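As structure tokens, the structure follows; a few thoughts come after it.
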2 protein chains.
Amino acid sequence: MDGLQRIVGAEHIRLGVRVGDRMRQGTARALVRPRDAEQAAAVVAWCYAHDVPMVPVGGRTGFAGGAAPLRDDAVAISLERLDAVRALDPGLWRMEAEAGVTTATVARRARESGLLFPPDPGAPEESQLGGTIATNAGGPHAFKYGVTGDWVMGVEAVLAPGELVRFGGPVRKDVAGYDLRGLLCGSEGTLGLVTAAWLRLVPAPEAQLPVLAAYGSIAEGCAAIERVLAAGVVPAALEYLDAATLEACGAAFPGGALEGFVVLAEADGGEEEAARVRAELVEALSQDARAVHAPSERGAVRELWRWRAGVSYAVAAARGAKLSEDIAVPLDRLAEAIAETLAIGARHDLEACSWGHAGDGNLHSSFLFDPSDAAAAGRVDAAAHELFDLALRLGGTVTGEHGIGILKAGQLARQWAPAAVAAHRAVKAALDPKGLFNPGKKEP
Amino acid sequence: MDGLQRIVGAEHIRLGVRVGDRMRQGTARALVRPRDAEQAAAVVAWCYAHDVPMVPVGGRTGFAGGAAPLRDDAVAISLERLDAVRALDPGLWRMEAEAGVTTATVARRARESGLLFPPDPGAPEESQLGGTIATNAGGPHAFKYGVTGDWVMGVEAVLAPGELVRFGGPVRKDVAGYDLRGLLCGSEGTLGLVTAAWLRLVPAPEAQLPVLAAYGSIAEGCAAIERVLAAGVVPAALEYLDAATLEACGAAFPGGALEGFVVLAEADGGEEEAARVRAELVEALSQDARAVHAPSERGAVRELWRWRAGVSYAVAAARGAKLSEDIAVPLDRLAEAIAETLAIGARHDLEACSWGHAGDGNLHSSFLFDPSDAAAAGRVDAAAHELFDLALRLGGTVTGEHGIGILKAGQLARQWAPAAVAAHRAVKAALDPKGLFNPGKKEP
């Protein structure tokens, strides 16, 4: 480790450190915190030369164990000191930011200039740009605006054996090379280490007007979701929370206690456009609804989304722990996936619920358990496995936004044909011939 | 060739055929037209087993020579018979279409359902979905809506050594595997053969309202473009045509003869929203403008875009031939790139002009020449080379939307660092170990 210490300085290396994310931790031989991209490249070069596995660590808010070392000879690399917004050009709708900048800072800096960086995954105060790129993170507003990678025009990254490169830059269109920028987005640190990115921004919408409606059944709620699409308007977000989820978080809803199957859509844009879209959303959602709630006051809207951001925590608190898996299915199979989540829970004697990004067919299917109940862990694992089966049977994916990490290792080989998996492995071997970038993660 | 004939049938194979695109042609040993994806896979398997290079041929409307065989032992594969829209689900905003479906058919089928497939590269009646995916084609409306790949949720493709696979599908979010879907987009047929795609659609905007303004100089026009961005609205398109381009096509403008440096923006959305955005565009564009033209009648709008689609042809006709290169630069360098295009032309005794997708910093820098003037060809080549230098000096790319093909072979190595180029080559070798997919194209 002396070599690493010489690169980053003694005060930026700690030995024998537990690191990980919300789901898994492990012990790293060392945690190093390079100062800049050049130091990060030197760290990678040292590790590559000495056959030392590397685990990139971002805000540690992942749900798939991606930041947990699997071997105690691994070196964890945190880019938290790469926290500079290198450039912000409001008039050109773009930002260049380092990997350690938090999602909240990216959003705030954009907003202060009247602009929007649309990706809004959870935990904005902790999650870092590098991590959201590595998982290609989504969030509620991905329905209209797409996921993180859709806003990344270029990446600066360290590739094996320690080379700092750039793919793309402050240019909105580029087909000169293969889309290695896009390949790094969602690669979970297994192909290289992203150190910075050029981000695209857009003017912030003048108005954001959510509409929330409660239904008596999954079928009624999902029919409402399809009516929204048929209305010919594009909501910024199109979310759902099932009745069991509302049992955990409905009482805290800022507009008054909420129950049933809830659909949450949002209109945005200029004031008039947002009002027009909201009216269409209210019309589409009102049929069969037990209650419709459409706040327009800015504070109330903020409260609503703050409540929405807390749903995952409220569900976890209900029984002490939960396992949430983020399968995604074709939209026409959403109702089936929601109902089956409950059925799988029942078969394994587990309370289950789901909520998520309805318009994207992306569920957070969750199984609740008491962490002191040793037997429950096995039942939860079995339930998760059935859930993955369900996603594949419905023509979907085992992960819409969290990634494979270690929790879903091996699932891709069930989702993709053998030749597709072989291509996946070939790309990994091509870019990381020694297999030192986050080994054991995103394994097909 | 007997093996190929057995696969596709004698009537679907032709020997010794000239094929190519708008820029380059070559002779293929055979042109085969498989009936479906399975036959396409069998063709690839046969070629891979017999070490026969393959050249995928789409609508032959490319500008980089990507569809021209370089070796006379190559087999050209046309997917024109894969022309089925396999599924169209208007209520779910999605379509599954085969590679041989024309861009116009994709657009028409979407429009007939009240939906929009936004990518609008030129030559919609001839260009095919497979080709637009292979080049990740853009077009005027990419400014708001992005390029072809942004609308591709999944691809079906034949990989080496002849395996039919799928990456993604009718699912809007998926981070289970590396983004090999995205990797194929823009790969110009060098990594595999795309046979079909799952496309995302959106509700068609109610209104499309272009605003066109003419200025006395590049500086005034580019200042107007930056004012549009500063206005805080998102135009659907933000184009420009310089004064020299207008000399070739301005007289045919449907709103009356047009000259000077022209900026063309478009507002779209609901009727009221489009009107609001148009008003902002008119305000931003009016300062310094010699003329502002803002048609609202549907027929006039259609005429305007038909005229815009003919610009490339009008410029080519002015002297008999032209070479257009599609460099892209950071938006703050656009004015410099436009002026330098003219200066480069002057240095090589060539008439020059440019037009293109201003908001994306994407120029179609063109050098006009008389095809019977043998000496001109050398001057055009030298001018193109200087143009690539310019793009790189300004921090841009040698190709924003046409691809590398053979015309820009070798340019990527000047744009990317050696380690990035090595990664590009490693990916190619990983997915096409024999180097049989469109050899010689997209060479770094």
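Going through the structure tokens in order, the chains are called A, B, and so on, while each chain numbers its residues from 1 and the ligands are numbered from 1 in the order shown.
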
Counting only C-alpha atoms, which residues from chain A have an atom at most 6 Å from any atom of chain B, and could you show them as a ChimeraX atom specification? /A:91,165,170-176,178-179,183,187,203,230,232,273,329-330,360,399-401,403-404,420,426-427,430

Could you list, as a tab-separated table (two decimals) with C-alpha atoms, in the first residue's frame, every residue within 7 Å of segment 20-23 of chain A, counting only C-alpha atoms and ignoring same-chain residues fewer than 3 positions away?
chain	number	residue	atom	x	y	z
A	26	GLY	CA	-17.35	-5.61	2.87
A	60	ARG	CA	-23.00	4.47	-0.89
A	61	THR	CA	-26.72	4.74	-1.55
A	62	GLY	CA	-26.97	1.82	-3.97
A	63	PHE	CA	-29.43	-1.04	-3.61
A	64	ALA	CA	-27.48	-3.83	-5.29
A	65	GLY	CA	-24.28	-4.15	-3.28
A	67	ALA	CA	-19.91	-0.73	-3.73
A	68	ALA	CA	-19.16	-3.66	-1.40

In Å and to one decimal, atom CA of Tyr48 of chain B is distant from atom CA of Val85 of chain B by 28.6 Å

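Going from atom CA of His141 of chain B over to atom CA of Ala236 of chain B, you cover 5.5 Å.
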
Across A:Ala40, A:Val152, A:Leu199, A:Met54, the smallest distance to Met95 of chain A, with only C-alpha atoms counted, is shown by A:Leu199

Segment 198-352 of chain B: residues DSSP assigns to alpha helix (DSSP H), reported as a PyMOL selection string: chain B and resi 218-230+243-249+271-286+298-309+311-319+334-347

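Distances from B:Asp36, B:Glu303, B:Glu283, B:Asp73 to Val194 of chain B were compared using only C-alpha atoms, and the smallest one belongs to B:Asp36.
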
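The environment of Gly58 of chain B within 9 Å, counting only C-alpha atoms and disregarding residues fewer than 4 places along the same chain, consists of Asp21, Gly62, Ala67, Ile77, Ser78, Leu79, Glu80, Ala99, Gly100, Glu126, Ser127, Gln128, Leu129, Gly130, Gly131 and Thr132 of chain B.
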
| message | as a VMD selection string, please: the residues near Glu247 of chain A (cut-off 8 Å, only C-alpha atoms, same-chain neighbours under 4 positions excluded). | response | chain A and resid 243 251 259

Put those residues in a file: N, CA, C and O atoms, as a PDB file, in the first residue's frame.
ATOM      1  N   ALA A 243     -51.866  -0.455  -2.495  1.00  0.00           N
ATOM      2  CA  ALA A 243     -52.582  -0.258  -1.225  1.00  0.00           C
ATOM      3  C   ALA A 243     -51.720  -0.670  -0.032  1.00  0.00           C
ATOM      4  O   ALA A 243     -51.750  -0.022   1.027  1.00  0.00           O
ATOM      5  N   ALA A 251     -50.623   7.483   5.900  1.00  0.00           N
ATOM      6  CA  ALA A 251     -51.050   8.371   6.983  1.00  0.00           C
ATOM      7  C   ALA A 251     -50.236   9.658   6.990  1.00  0.00           C
ATOM      8  O   ALA A 251     -50.714  10.703   7.438  1.00  0.00           O
ATOM      9  N   GLU A 259     -55.336   6.239   1.220  1.00  0.00           N
ATOM     10  CA  GLU A 259     -55.313   4.776   1.141  1.00  0.00           C
ATOM     11  C   GLU A 259     -55.810   4.322  -0.212  1.00  0.00           C
ATOM     12  O   GLU A 259     -56.322   5.108  -0.999  1.00  0.00           O
TER      13      GLU A 259
END

Residue contacts of Gly216 of chain A (7 Å, only C-alpha atoms) excluding same-chain residues fewer than 2 positions away, as a list in words: Glu220, Gly260 and Phe261 of chain A

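Every protein or nucleic acid residue with an atom no more than 9 Å from Thr341 of chain B, counting only C-alpha atoms and leaving out same-chain residues fewer than 3 positions away, appears here: Glu336, Ala337, Ile338, Ile344, Gly345, Ala346, Ala352, Cys353, Ser354, Ser365, Ser366, Phe367, Ala383, Leu387 and Leu390 of chain B.
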
Selection from above, N, CA, C and O atoms, as a PDB file, in the first residue's frame, can you write it?
ATOM      1  N   GLU B 336     -17.579  30.586 -35.158  1.00  0.00           N
ATOM      2  CA  GLU B 336     -16.205  30.409 -35.642  1.00  0.00           C
ATOM      3  C   GLU B 336     -16.155  29.287 -36.698  1.00  0.00           C
ATOM      4  O   GLU B 336     -15.486  29.415 -37.733  1.00  0.00           O
ATOM      5  N   ALA B 337     -16.861  28.203 -36.432  1.00  0.00           N
ATOM      6  CA  ALA B 337     -16.850  27.066 -37.371  1.00  0.00           C
ATOM      7  C   ALA B 337     -17.499  27.442 -38.701  1.00  0.00           C
ATOM      8  O   ALA B 337     -17.044  27.021 -39.768  1.00  0.00           O
ATOM      9  N   ILE B 338     -18.544  28.250 -38.636  1.00  0.00           N
ATOM     10  CA  ILE B 338     -19.224  28.674 -39.868  1.00  0.00           C
ATOM     11  C   ILE B 338     -18.314  29.586 -40.686  1.00  0.00           C
ATOM     12  O   ILE B 338     -18.168  29.419 -41.900  1.00  0.00           O
ATOM     13  N   ILE B 344     -11.771  28.240 -45.251  1.00  0.00           N
ATOM     14  CA  ILE B 344     -11.115  27.031 -45.783  1.00  0.00           C
ATOM     15  C   ILE B 344     -11.407  26.901 -47.277  1.00  0.00           C
ATOM     16  O   ILE B 344     -10.518  26.628 -48.091  1.00  0.00           O
ATOM     17  N   GLY B 345     -12.669  27.121 -47.646  1.00  0.00           N
ATOM     18  CA  GLY B 345     -13.029  27.076 -49.062  1.00  0.00           C
ATOM     19  C   GLY B 345     -12.193  28.064 -49.863  1.00  0.00           C
ATOM     20  O   GLY B 345     -11.620  27.715 -50.910  1.00  0.00           O
ATOM     21  N   ALA B 346     -12.094  29.278 -49.345  1.00  0.00           N
ATOM     22  CA  ALA B 346     -11.349  30.317 -50.062  1.00  0.00           C
ATOM     23  C   ALA B 346      -9.884  29.905 -50.243  1.00  0.00           C
ATOM     24  O   ALA B 346      -9.303  30.102 -51.310  1.00  0.00           O
ATOM     25  N   ALA B 352     -17.721  27.630 -50.875  1.00  0.00           N
ATOM     26  CA  ALA B 352     -18.086  26.905 -49.656  1.00  0.00           C
ATOM     27  C   ALA B 352     -19.357  27.496 -49.071  1.00  0.00           C
ATOM     28  O   ALA B 352     -19.696  28.660 -49.325  1.00  0.00           O
ATOM     29  N   CYS B 353     -20.044  26.700 -48.314  1.00  0.00           N
ATOM     30  CA  CYS B 353     -21.208  27.194 -47.585  1.00  0.00           C
ATOM     31  C   CYS B 353     -21.483  26.194 -46.459  1.00  0.00           C
ATOM     32  O   CYS B 353     -20.884  25.118 -46.412  1.00  0.00           O
ATOM     33  N   SER B 354     -22.356  26.564 -45.564  1.00  0.00           N
ATOM     34  CA  SER B 354     -22.770  25.605 -44.541  1.00  0.00           C
ATOM     35  C   SER B 354     -24.172  25.923 -44.053  1.00  0.00           C
ATOM     36  O   SER B 354     -24.646  27.051 -44.175  1.00  0.00           O
ATOM     37  N   SER B 365     -20.914  21.469 -43.438  1.00  0.00           N
ATOM     38  CA  SER B 365     -19.958  22.335 -44.129  1.00  0.00           C
ATOM     39  C   SER B 365     -19.683  21.744 -45.500  1.00  0.00           C
ATOM     40  O   SER B 365     -19.267  20.593 -45.609  1.00  0.00           O
ATOM     41  N   SER B 366     -19.905  22.535 -46.537  1.00  0.00           N
ATOM     42  CA  SER B 366     -19.914  21.985 -47.893  1.00  0.00           C
ATOM     43  C   SER B 366     -18.980  22.739 -48.827  1.00  0.00           C
ATOM     44  O   SER B 366     -18.876  23.966 -48.748  1.00  0.00           O
ATOM     45  N   PHE B 367     -18.333  21.982 -49.665  1.00  0.00           N
ATOM     46  CA  PHE B 367     -17.470  22.555 -50.692  1.00  0.00           C
ATOM     47  C   PHE B 367     -18.038  22.149 -52.046  1.00  0.00           C
ATOM     48  O   PHE B 367     -18.241  20.965 -52.318  1.00  0.00           O
ATOM     49  N   ALA B 383      -9.488  20.451 -48.424  1.00  0.00           N
ATOM     50  CA  ALA B 383     -10.385  21.317 -47.652  1.00  0.00           C
ATOM     51  C   ALA B 383     -11.081  20.515 -46.547  1.00  0.00           C
ATOM     52  O   ALA B 383     -11.211  20.981 -45.409  1.00  0.00           O
ATOM     53  N   LEU B 387     -11.071  20.981 -42.523  1.00  0.00           N
ATOM     54  CA  LEU B 387     -12.319  21.091 -41.772  1.00  0.00           C
ATOM     55  C   LEU B 387     -12.282  20.167 -40.541  1.00  0.00           C
ATOM     56  O   LEU B 387     -12.720  20.550 -39.448  1.00  0.00           O
ATOM     57  N   LEU B 390     -10.264  21.711 -37.982  1.00  0.00           N
ATOM     58  CA  LEU B 390     -11.039  22.768 -37.332  1.00  0.00           C
ATOM     59  C   LEU B 390     -11.936  22.199 -36.238  1.00  0.00           C
ATOM     60  O   LEU B 390     -11.970  22.712 -35.115  1.00  0.00           O
TER      61      LEU B 390
END

May I have the residues within 12 Å of Ile218 of chain B as a ChimeraX atom specification, using only C-alpha atoms and disregarding those fewer than 4 positions away in the same chain?
/B:214,222-225,240-244,260-263,288-289,333-342,353-355,358
